[in-house]
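These notes are about the structure you will find just below.
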Amino acid sequence: MNPRLSRRRFIKAVIASSVAAATNAKFQSASAAERPKGAVERLISINVNGRTRRVDVMPQETLAYTLRYKLGLTGTKIGCNRGECGACTVLIDDVTNYSCSTLTHSVRSRKVLTVEGLQAANGALHPVQRAFVDELSPQCGFCTPGQVMSAVGLLKENPNPTREEVRQALAGNLCRCGAYDHYLDGVMRAAGQRS
Amino acid sequence: MSDYKHIGKDFVPPDIIGKVTGKAKYAEDFRVDGMVFARLYTSPMAHGRVTHIDTSAVDGMEGVIDILTADDVPATEAPSAAILTNTPVYVGDPILAVAAEDEKTAEDAIAKIRIDIEPLSFVTDPLDSLVNGGPDAREEGNVFVRSREGSGLRTVKWTDEQIAEFRAGREPTGEFVNEWSYGDVDKGFADAKVIIEEPFVTTGYAHMSMEPRTAMAYWRNGTCYVHGSAQSQSFFIPSLASLLGVKQENVVLVSENTGGGFGSKISAYPISGLPGYFSKKIGRPVQLRITREQEYYIGSARVGFQGWIKMGFAADGRVTAADVFIVEDIGPNATGGDGSSAGGAVSLLFDPESMRFRGLPVLTNTTPRGAQRGPGQNQIAAVMAPLMDKAARALKIDLLEIRMVNAVNSNTTVYADQEPVTSAYMKEALEKGAAMFDWENRANQPRRRGSKVRGLGIGQGYHSAGTNGFDGLLRITPDGTIHLHSGVGNLGTYSYASTTRAAAEVLKCDWDDCVIHYGNTEENLPWSSYQAGSVSTFTQTRSNYVAAMDAVDKMKQIAAETLGGGPDDYDIDGQRVFHVNNPAQALTYAAIAARAIQLGGAYSGQSYPEDIHEVTQRSVQNIAGTGLVGVAKDNLRREGVIPGLACAFVEIELDLETGKYDILDYVGIADCGTVMHPQGLSQQMKGGAVWGMGMAALERHVYDPQNGLPANVGYHQCGVPTYLDVPPQMRTGAVDLPDPQNPVGARGIGEPAMGCSVAALTAAITDALDGHTFNRTPISRDMIVNYVAGREQSFKPLQTNNF
């Protein structure tokens with residue numbers, strides 16, 4: 001079988017059935033040979049929470065948009081959509097990123113971890129999530145997934161941070177409720193420095 | 001209090017797991033079949049009249065479904081805000097909406113639509129409107145009068161001389177429209193040893209809730225289902241039904257989680273009704289998700305103050321008289337009422353022997369205003385603290401002592417009518433805070449270290465913290481589960497859950513056997529209080545208590561009817577109803593619930609009290625016959641003002657070269673009656689402290705007076721505090737003395753938690769600068785640097801919109 005034809009057929013099938021088709025945007029050819037000059041492939045694979053996901057992505061689409069509206073991972077929140085608040089924080093190859101300011105096409109060969117990917121297979125909460133529950137860290141909760149991901153990213157890099165290091169590491173995550181003190185307590189608890 | 005099983009104990013609120021796992025659904029996380037997306041076209045002008053709308057460029061545009069304009073929604077009478085308008089009164093006022101198959105198409109369509117707007121006069125600073133010949137924010141007038149005789153718009157102007165004397169810090173002589181007083185103010189000033197007289201400004205600023213408010217709506221068999229962002233739950237229904245033009249029973253609100261509100265989502269706000277109208281027009285579900293910038297525009301803002309205050313003090317520091325005049329910036333829709341509340345807070349917190357309040361609410365073409373955490377009380381808290389310190393220094397008494405002398409207590413009478421309070425322990429709170437903070441020692445520490453100078457401040461906050469008359473509802477099913485129905489909103493305070501523990505306490509049941517129903521009309525919720533005004537804790541513990549008492553009465557009656565004897569022969573414990581003389585003669589709650597279904601009537605909700613609200617009635621009708629139903633209206637005694645009180649002690653280190661200061665220590669003490677939920681209280685006290693830190697130094701509206709354009713619409717531009725703007729650790733405590741008018745002793749705290757913080761900070765800055773008072777919030781770094789350098793400030797007295 002001609003691999004190109006097979007691939008094209010597959011793409012068409014996905015397009016026809018995809019939620020993404022509901023966006024009704026003009027679809028460019030997915031085939032590299034047939035793409036207009038300067039255009040990018042739209043049907044791509046990304047690794048999210050340990051799974052490879054095939055998804056139709058517009059050229060300027062942000063990762064936050066893809067996660068929320070294409071993959072149904074609505075734990076990632078969009079508070080500002082301009083890299084100010086951190087509600088959309090995810091890990092990309094273990095590094096915290098604002099997914100609202102990251103193009104999905106730029107993460108094709110990388111590993112994306114969202115708040116939905118933290119719980120163990122048996123449902124056990126990640127230590128950061130557990131600690132945030134124990135410390136009653138969230139208030140309204142809209143910023144919480146971003147706070148969780150920044151904390152997870154910090155603890156991967158620095159498992160024994162000082163409170164000041166936590167404060168600096170989470171400084172890119174706004175909380176309008178002002179729950180900062182309880183979040184800091186939560187991260188310190190997750191790091192085993194508070195009981 | 002130690003014999004309580006649930007009250008005063010921490011617990012895991014059921015919604016918190018969803019918050020940390022990302023499973024909690026906010027309005028924009030919902031999708032339904034056939035749903036389309038709406039986007040807004042908002043006014044680029046501060047005030048204007050739409051003369052022509054050209055949508056030809058989107059006619060037939062692929063993916064565009066329809067357009068909703070002001071002609072498709074009910075008109076409103078000025079100054080009320082409409083859902084969409086053809087006479088926008090601020091930059092960002094929604095003019096039309098486009099629905100499309102996806103958001104990008106809707107945005108593209110918005111960009112192609114052309115709207116001609118005839119500019120009208122506008123104003124961004126109330127004093128610019130008050131001056132003779134100044135512009136009015138609305139054609140109908142520039143001042144909104146609320147009175148028992150009738151409310152409406154009027155035009156009020158002051159002479160140039162009156163404006164000038166106000167700016168110069170002298171008593172305003174211009175016209176005002178609100179006034180109240182008590183006692184002999186002239187005598188109070190005559191008796192005073194020290195008189196402080198100052199002008200002041202507190203700048204308005206945006207609520208900036210984290211979640212850009214979203215609403216999604218669809219219709220099913222004549223009922224409008226709204227997935228919205230609401231502070232309140234049941235309380236939201238009447239206003240939402242009114243907005244949508246339907247009966248209350250034809251609205252379902254789903255708002256299990258709300259991404260912040262802070263007063264901006266108490267009742268239905270105009271944009272929450274837009275998807276309902278759009279959905280009705282096109283026959284498909286519609287979701288409106290707005291941008292951060294639009295959240296700034298329509299997400300509400302704090303009322304700004306330009307005022308004058310005169311205080312008289314006796315030699316011992318006692319306040320003999322207070323005279324307060326406030327010009328309020330009430331935005332274009334005349335929302336607010338903060339001025340009189342500020343006067344009330346002066347009356348309560350400092351208990352002047354005599355007092356007068358005068359107010360003038362003036363409209364501007366800035367974003368709509370609304371209640372924002374301690375509306376009025378917290379602005380004036382920021383103003384008052386440095387003035388109290390100024391008086392203390394003049395009288396040579398300690399900064400703590402002057403507050404103790406005037407501290408509100410359970411015998412204090414407040415407001416114009418000199419009403420009693422239910423209880424108040426400010427003196428105890430100050431004593432506890434002073435001990436935790438080590439006030440006495442700190443006050444005697446060295447102040448200067450190079451260019452850095454320490455400052456100490458004490459702040460006090462107040463907001464009325466409770467009301468009554470709402471309903472409680474619970475149900476015990478034959479499987480033994482206790483269903484606690486909570487119609488209060490889920491704003492993030494966890495009071496929707498913590499207040500139900502008053503019912504669990506009465507029922508003496510295990511928390512693991514309780515399930516809370518909340519966040520969705522279809523969960524059969526009672527008529528509950530608004531989730532605002534610090535009222536939930538006092539109000540909802542009472543309503544949960546009366547519902548549980550009703551359930552206990554019914555269970556005893558069923559036990560007597562089933563096992564013999566009279567109801568008074570029975571008691572409850574261990575989820576059993578037992579005969580007091582023979583505990584083995586008992587029925588479990590599960591068995592009682594099954595028996596209640598058999599007996600019917602009031603036992604299982606087939607009938608219910610006549611005085612419960614129609615929202616509760618419908619819920620009882622829906623659950624009737626499924627178990628034992630406890631339902632009642634809160635008719636418990638309630639007399640006087642229910643004060644929520646807090647005080648804070650703060651130490652800062654201010655760099656005289658940069659104007660920057662670090663908060664070295666923060667201690668906040670609550671007087672909220674019995675502590676219901678220690679972790680929740682800590683969250684409120686610390687979160688409120690962060691809000692106070694924002695108000696004191698960072699947050700403000702900035703409008704270009706020439707064009708009426710906002711200069712700061714993003715989070716950071718608006719000055720929302722970050723981790724690095726607040727101390728790395730804060731300490732809190734509570735007086736924990738019960739209020740006699742609440743069955744579990746509890747009062748509210750959310751708003752005073754902020755007022756005490758902003759007050760402590762403005763006082764600490766004053767202290768660091770040897771008593772200099774800026775009489776303004778926020779106190780920005782450049783203001784401090786200018787003062788230290790002996791330069792004039794960059795704004796004229798009482799001017800707003802300064803950077």
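Chain identifiers are assigned as A, B, and so on, following the order in which chains appear in the structure tokens; residues are numbered from 1 within each chain, and ligands are numbered from 1 in order of appearance.
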
> Got a sec to pull out which chain A residues are within 8 Å of chain B, counting only C-alpha atoms, and send them as JSON, numbers by chain?
Replying inline: {"A": [22, 23, 24, 25, 74, 75, 76, 78, 79, 80, 81, 84, 85, 115, 116, 118, 119, 125, 129, 132, 133, 134, 135, 136, 137, 138, 139, 140, 141, 142, 143, 144, 145, 148, 163, 164, 167, 168, 170, 171, 172, 173, 174, 175, 176, 177, 178, 179, 180, 181, 182, 184]}

Print the selection's residues with C-alpha atoms to a file, as a PDB file, in the first residue's frame.
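Printed below is result.pdb as written:
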ATOM      1  CA  ALA A  22     -16.356  21.358  14.825  1.00  0.00           C
ATOM      2  CA  THR A  23     -14.036  24.311  14.721  1.00  0.00           C
ATOM      3  CA  ASN A  24     -14.962  24.511  11.045  1.00  0.00           C
ATOM      4  CA  ALA A  25     -11.727  26.269  10.248  1.00  0.00           C
ATOM      5  CA  THR A  74     -10.027  21.332  31.154  1.00  0.00           C
ATOM      6  CA  GLY A  75      -7.985  21.210  34.346  1.00  0.00           C
ATOM      7  CA  THR A  76      -5.608  23.594  32.614  1.00  0.00           C
ATOM      8  CA  ILE A  78      -7.001  30.136  30.966  1.00  0.00           C
ATOM      9  CA  GLY A  79      -7.062  33.181  33.212  1.00  0.00           C
ATOM     10  CA  CYS A  80      -5.437  35.785  30.997  1.00  0.00           C
ATOM     11  CA  ASN A  81      -4.246  34.086  27.794  1.00  0.00           C
ATOM     12  CA  GLU A  84       0.489  36.819  33.224  1.00  0.00           C
ATOM     13  CA  CYS A  85      -1.345  34.591  35.650  1.00  0.00           C
ATOM     14  CA  VAL A 115      -2.746  18.399  36.277  1.00  0.00           C
ATOM     15  CA  GLU A 116      -4.799  15.450  35.042  1.00  0.00           C
ATOM     16  CA  LEU A 118      -0.562  13.521  38.319  1.00  0.00           C
ATOM     17  CA  GLN A 119      -2.820  11.036  40.030  1.00  0.00           C
ATOM     18  CA  LEU A 125      -3.265  11.889  44.761  1.00  0.00           C
ATOM     19  CA  GLN A 129      -2.204  17.446  45.527  1.00  0.00           C
ATOM     20  CA  PHE A 132      -2.811  21.048  49.075  1.00  0.00           C
ATOM     21  CA  VAL A 133      -5.866  19.197  50.393  1.00  0.00           C
ATOM     22  CA  ASP A 134      -4.340  18.808  53.845  1.00  0.00           C
ATOM     23  CA  GLU A 135      -3.421  22.495  54.050  1.00  0.00           C
ATOM     24  CA  LEU A 136      -6.699  23.683  52.497  1.00  0.00           C
ATOM     25  CA  SER A 137      -4.534  25.508  49.978  1.00  0.00           C
ATOM     26  CA  PRO A 138      -7.077  26.441  47.285  1.00  0.00           C
ATOM     27  CA  GLN A 139      -9.848  28.936  47.741  1.00  0.00           C
ATOM     28  CA  CYS A 140     -11.854  29.454  44.550  1.00  0.00           C
ATOM     29  CA  GLY A 141      -9.577  26.907  42.911  1.00  0.00           C
ATOM     30  CA  PHE A 142      -9.282  28.477  39.470  1.00  0.00           C
ATOM     31  CA  CYS A 143      -5.551  29.041  39.839  1.00  0.00           C
ATOM     32  CA  THR A 144      -4.987  25.746  41.671  1.00  0.00           C
ATOM     33  CA  PRO A 145      -4.025  23.495  38.746  1.00  0.00           C
ATOM     34  CA  VAL A 148       0.003  22.442  41.558  1.00  0.00           C
ATOM     35  CA  ARG A 163      10.056  28.484  51.836  1.00  0.00           C
ATOM     36  CA  GLU A 164      11.701  31.398  50.064  1.00  0.00           C
ATOM     37  CA  ARG A 167       7.879  31.561  46.956  1.00  0.00           C
ATOM     38  CA  GLN A 168      10.203  32.490  44.117  1.00  0.00           C
ATOM     39  CA  LEU A 170       5.614  29.980  42.349  1.00  0.00           C
ATOM     40  CA  ALA A 171       5.834  33.733  41.806  1.00  0.00           C
ATOM     41  CA  GLY A 172       4.538  33.312  38.265  1.00  0.00           C
ATOM     42  CA  ASN A 173       1.242  31.959  39.532  1.00  0.00           C
ATOM     43  CA  LEU A 174      -1.269  34.565  40.605  1.00  0.00           C
ATOM     44  CA  CYS A 175      -3.997  33.817  43.116  1.00  0.00           C
ATOM     45  CA  ARG A 176      -6.628  36.527  43.359  1.00  0.00           C
ATOM     46  CA  CYS A 177      -8.063  34.959  46.507  1.00  0.00           C
ATOM     47  CA  GLY A 178      -4.668  35.538  48.104  1.00  0.00           C
ATOM     48  CA  ALA A 179      -4.195  31.943  49.197  1.00  0.00           C
ATOM     49  CA  TYR A 180      -0.416  32.255  48.867  1.00  0.00           C
ATOM     50  CA  ASP A 181       0.377  31.386  52.473  1.00  0.00           C
ATOM     51  CA  HIS A 182      -1.627  28.170  52.313  1.00  0.00           C
ATOM     52  CA  LEU A 184       3.393  27.729  50.447  1.00  0.00           C
TER      53      LEU A 184
END

>> Could you pull out the strand (DSSP E) residues of region 111-356 of chain B, going by DSSP on the backbone, and write them as an MDAnalysis selection string?
In response: chainID B and resid 114:119 143:145 152:154 178:182 194:202 214:220 223:227 251:254 286:289 304:313 319:329 355:356

>> Please list as number ranges by chain every residue within 8 Å of Gly489 (chain B), counting only C-alpha atoms and excluding residues in the same chain fewer than 5 positions away.
In response: B: 230-234, 255-256, 496, 518-519, 530-531

> Distance CA of Asn47 (chain A)-CA of Ile290 (chain B), one decimal place?
Replying inline: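 Separation of CA of Asn47 (chain A) and CA of Ile290 (chain B): 29.5 Å.
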
> Contacts of Thr66 (chain A) at 9 Å or less, counting only C-alpha atoms, minus same-chain residues fewer than 5 places along, as a ChimeraX atom specification?
Replying inline: /A:55-57,61,71-73,104

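Distances to Glu41 (chain A) were evaluated for A:Arg68, A:Asn158, A:Arg108, A:Gly86 using only C-alpha atoms, and the minimum falls at A:Arg108.
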
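Here the question is which of A:Ala131, A:Gly153, A:Asn160, A:Ala121 gets nearest to Ile92 (chain A) using only C-alpha atoms, and that residue is A:Gly153.
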
>> Can you measure CA of Gly771 (chain B) to CA of Gly719 (chain B) for me? One decimal in Å is fine.
In response: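 CA of Gly719 (chain B) lies 25.9 Å from CA of Gly771 (chain B).
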
For Ser604 (chain B), find every residue with an atom within 6 Å (counting only C-alpha atoms), except residues of its own chain fewer than 6 positions away, and show them as a compact mmCIF listing (two decimals) with C-alpha atoms, in the first residue's frame.
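Output contents, as saved in result_31.txt:
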# COMPACT_ATOMS: atom_id res chain seq x y z
CA ALA B 596 -41.06 8.75 57.55
CA ILE B 597 -41.76 7.68 53.97
CA ALA B 624 -40.85 14.61 49.07
CA GLY B 625 -41.32 10.96 49.82
CA GLY B 627 -36.80 10.19 53.31
CA LEU B 628 -37.20 12.21 56.46
CA VAL B 629 -37.17 15.90 55.57

> CA of Pro446 (chain B) and CA of Val383 (chain B) are how many Å apart?
Replying inline: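 Calculated distance between CA of Pro446 (chain B) and CA of Val383 (chain B) is 26.7 Å.
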
> What lies within 10 Å of region 500-507 of chain B using only C-alpha atoms, ignoring chain neighbours under 2 positions off, as a PyMOL selection string?
Replying inline: chain B and resi 4-9+11+472-474+482-486+495-498+509-511+513-516+537+540-549+551-552+572-576+589+630+676-677+743-744

> What residues in region 36-271 of chain B get the DSSP label alpha helix (DSSP H)? Please answer as an NGL selection string.
Replying inline: :B and (103-112 or 126-130 or 160-167 or 185-191 or 236-244)

Surrounding residues of region 786-795 of chain B excluding itself and chain neighbours under 4 positions, 10 Å, only C-alpha atoms, as a PDB file with N, CA and C atoms, in the first residue's frame:
ATOM      1  N   LEU B 656      14.014  54.153  51.983  1.00  0.00           N
ATOM      2  CA  LEU B 656      13.761  55.569  51.673  1.00  0.00           C
ATOM      3  C   LEU B 656      14.301  55.956  50.305  1.00  0.00           C
ATOM      4  N   GLU B 657      15.224  55.163  49.758  1.00  0.00           N
ATOM      5  CA  GLU B 657      15.804  55.505  48.456  1.00  0.00           C
ATOM      6  C   GLU B 657      14.942  55.012  47.295  1.00  0.00           C
ATOM      7  N   THR B 658      14.206  53.944  47.518  1.00  0.00           N
ATOM      8  CA  THR B 658      13.399  53.385  46.419  1.00  0.00           C
ATOM      9  C   THR B 658      11.899  53.478  46.660  1.00  0.00           C
ATOM     10  N   GLY B 659      11.521  53.725  47.884  1.00  0.00           N
ATOM     11  CA  GLY B 659      10.093  53.753  48.197  1.00  0.00           C
ATOM     12  C   GLY B 659       9.495  52.363  48.365  1.00  0.00           C
ATOM     13  N   LEU B 769       7.493  56.941  58.142  1.00  0.00           N
ATOM     14  CA  LEU B 769       7.794  58.288  57.655  1.00  0.00           C
ATOM     15  C   LEU B 769       7.519  59.333  58.739  1.00  0.00           C
ATOM     16  N   HIS B 772       4.037  61.099  58.662  1.00  0.00           N
ATOM     17  CA  HIS B 772       3.478  61.735  57.466  1.00  0.00           C
ATOM     18  C   HIS B 772       2.307  60.904  56.938  1.00  0.00           C
ATOM     19  N   PHE B 774      -0.286  60.224  53.845  1.00  0.00           N
ATOM     20  CA  PHE B 774      -0.574  60.503  52.429  1.00  0.00           C
ATOM     21  C   PHE B 774      -2.066  60.691  52.201  1.00  0.00           C
ATOM     22  N   ARG B 781       5.179  53.692  45.294  1.00  0.00           N
ATOM     23  CA  ARG B 781       6.576  53.949  45.650  1.00  0.00           C
ATOM     24  C   ARG B 781       7.004  55.356  45.264  1.00  0.00           C
ATOM     25  N   ASP B 782       6.535  55.818  44.116  1.00  0.00           N
ATOM     26  CA  ASP B 782       6.967  57.155  43.696  1.00  0.00           C
ATOM     27  C   ASP B 782       6.430  58.224  44.637  1.00  0.00           C
ATOM     28  N   GLN B 799      -6.945  64.495  43.154  1.00  0.00           N
ATOM     29  CA  GLN B 799      -7.029  63.990  41.784  1.00  0.00           C
ATOM     30  C   GLN B 799      -7.028  62.464  41.798  1.00  0.00           C
ATOM     31  N   THR B 800      -7.807  61.879  40.900  1.00  0.00           N
ATOM     32  CA  THR B 800      -7.755  60.424  40.732  1.00  0.00           C
ATOM     33  C   THR B 800      -7.059  60.109  39.415  1.00  0.00           C
ATOM     34  N   ASN B 801      -6.941  58.825  39.126  1.00  0.00           N
ATOM     35  CA  ASN B 801      -6.332  58.355  37.882  1.00  0.00           C
ATOM     36  C   ASN B 801      -4.857  58.688  37.772  1.00  0.00           C
ATOM     37  N   ASN B 802      -4.199  58.911  38.898  1.00  0.00           N
ATOM     38  CA  ASN B 802      -2.765  59.155  38.865  1.00  0.00           C
ATOM     39  C   ASN B 802      -2.021  57.829  38.804  1.00  0.00           C
ATOM     40  N   PHE B 803      -0.844  57.849  38.227  1.00  0.00           N
ATOM     41  CA  PHE B 803      -0.028  56.637  38.198  1.00  0.00           C
ATOM     42  C   PHE B 803       0.671  56.448  39.539  1.00  0.00           C
TER      43      PHE B 803
END
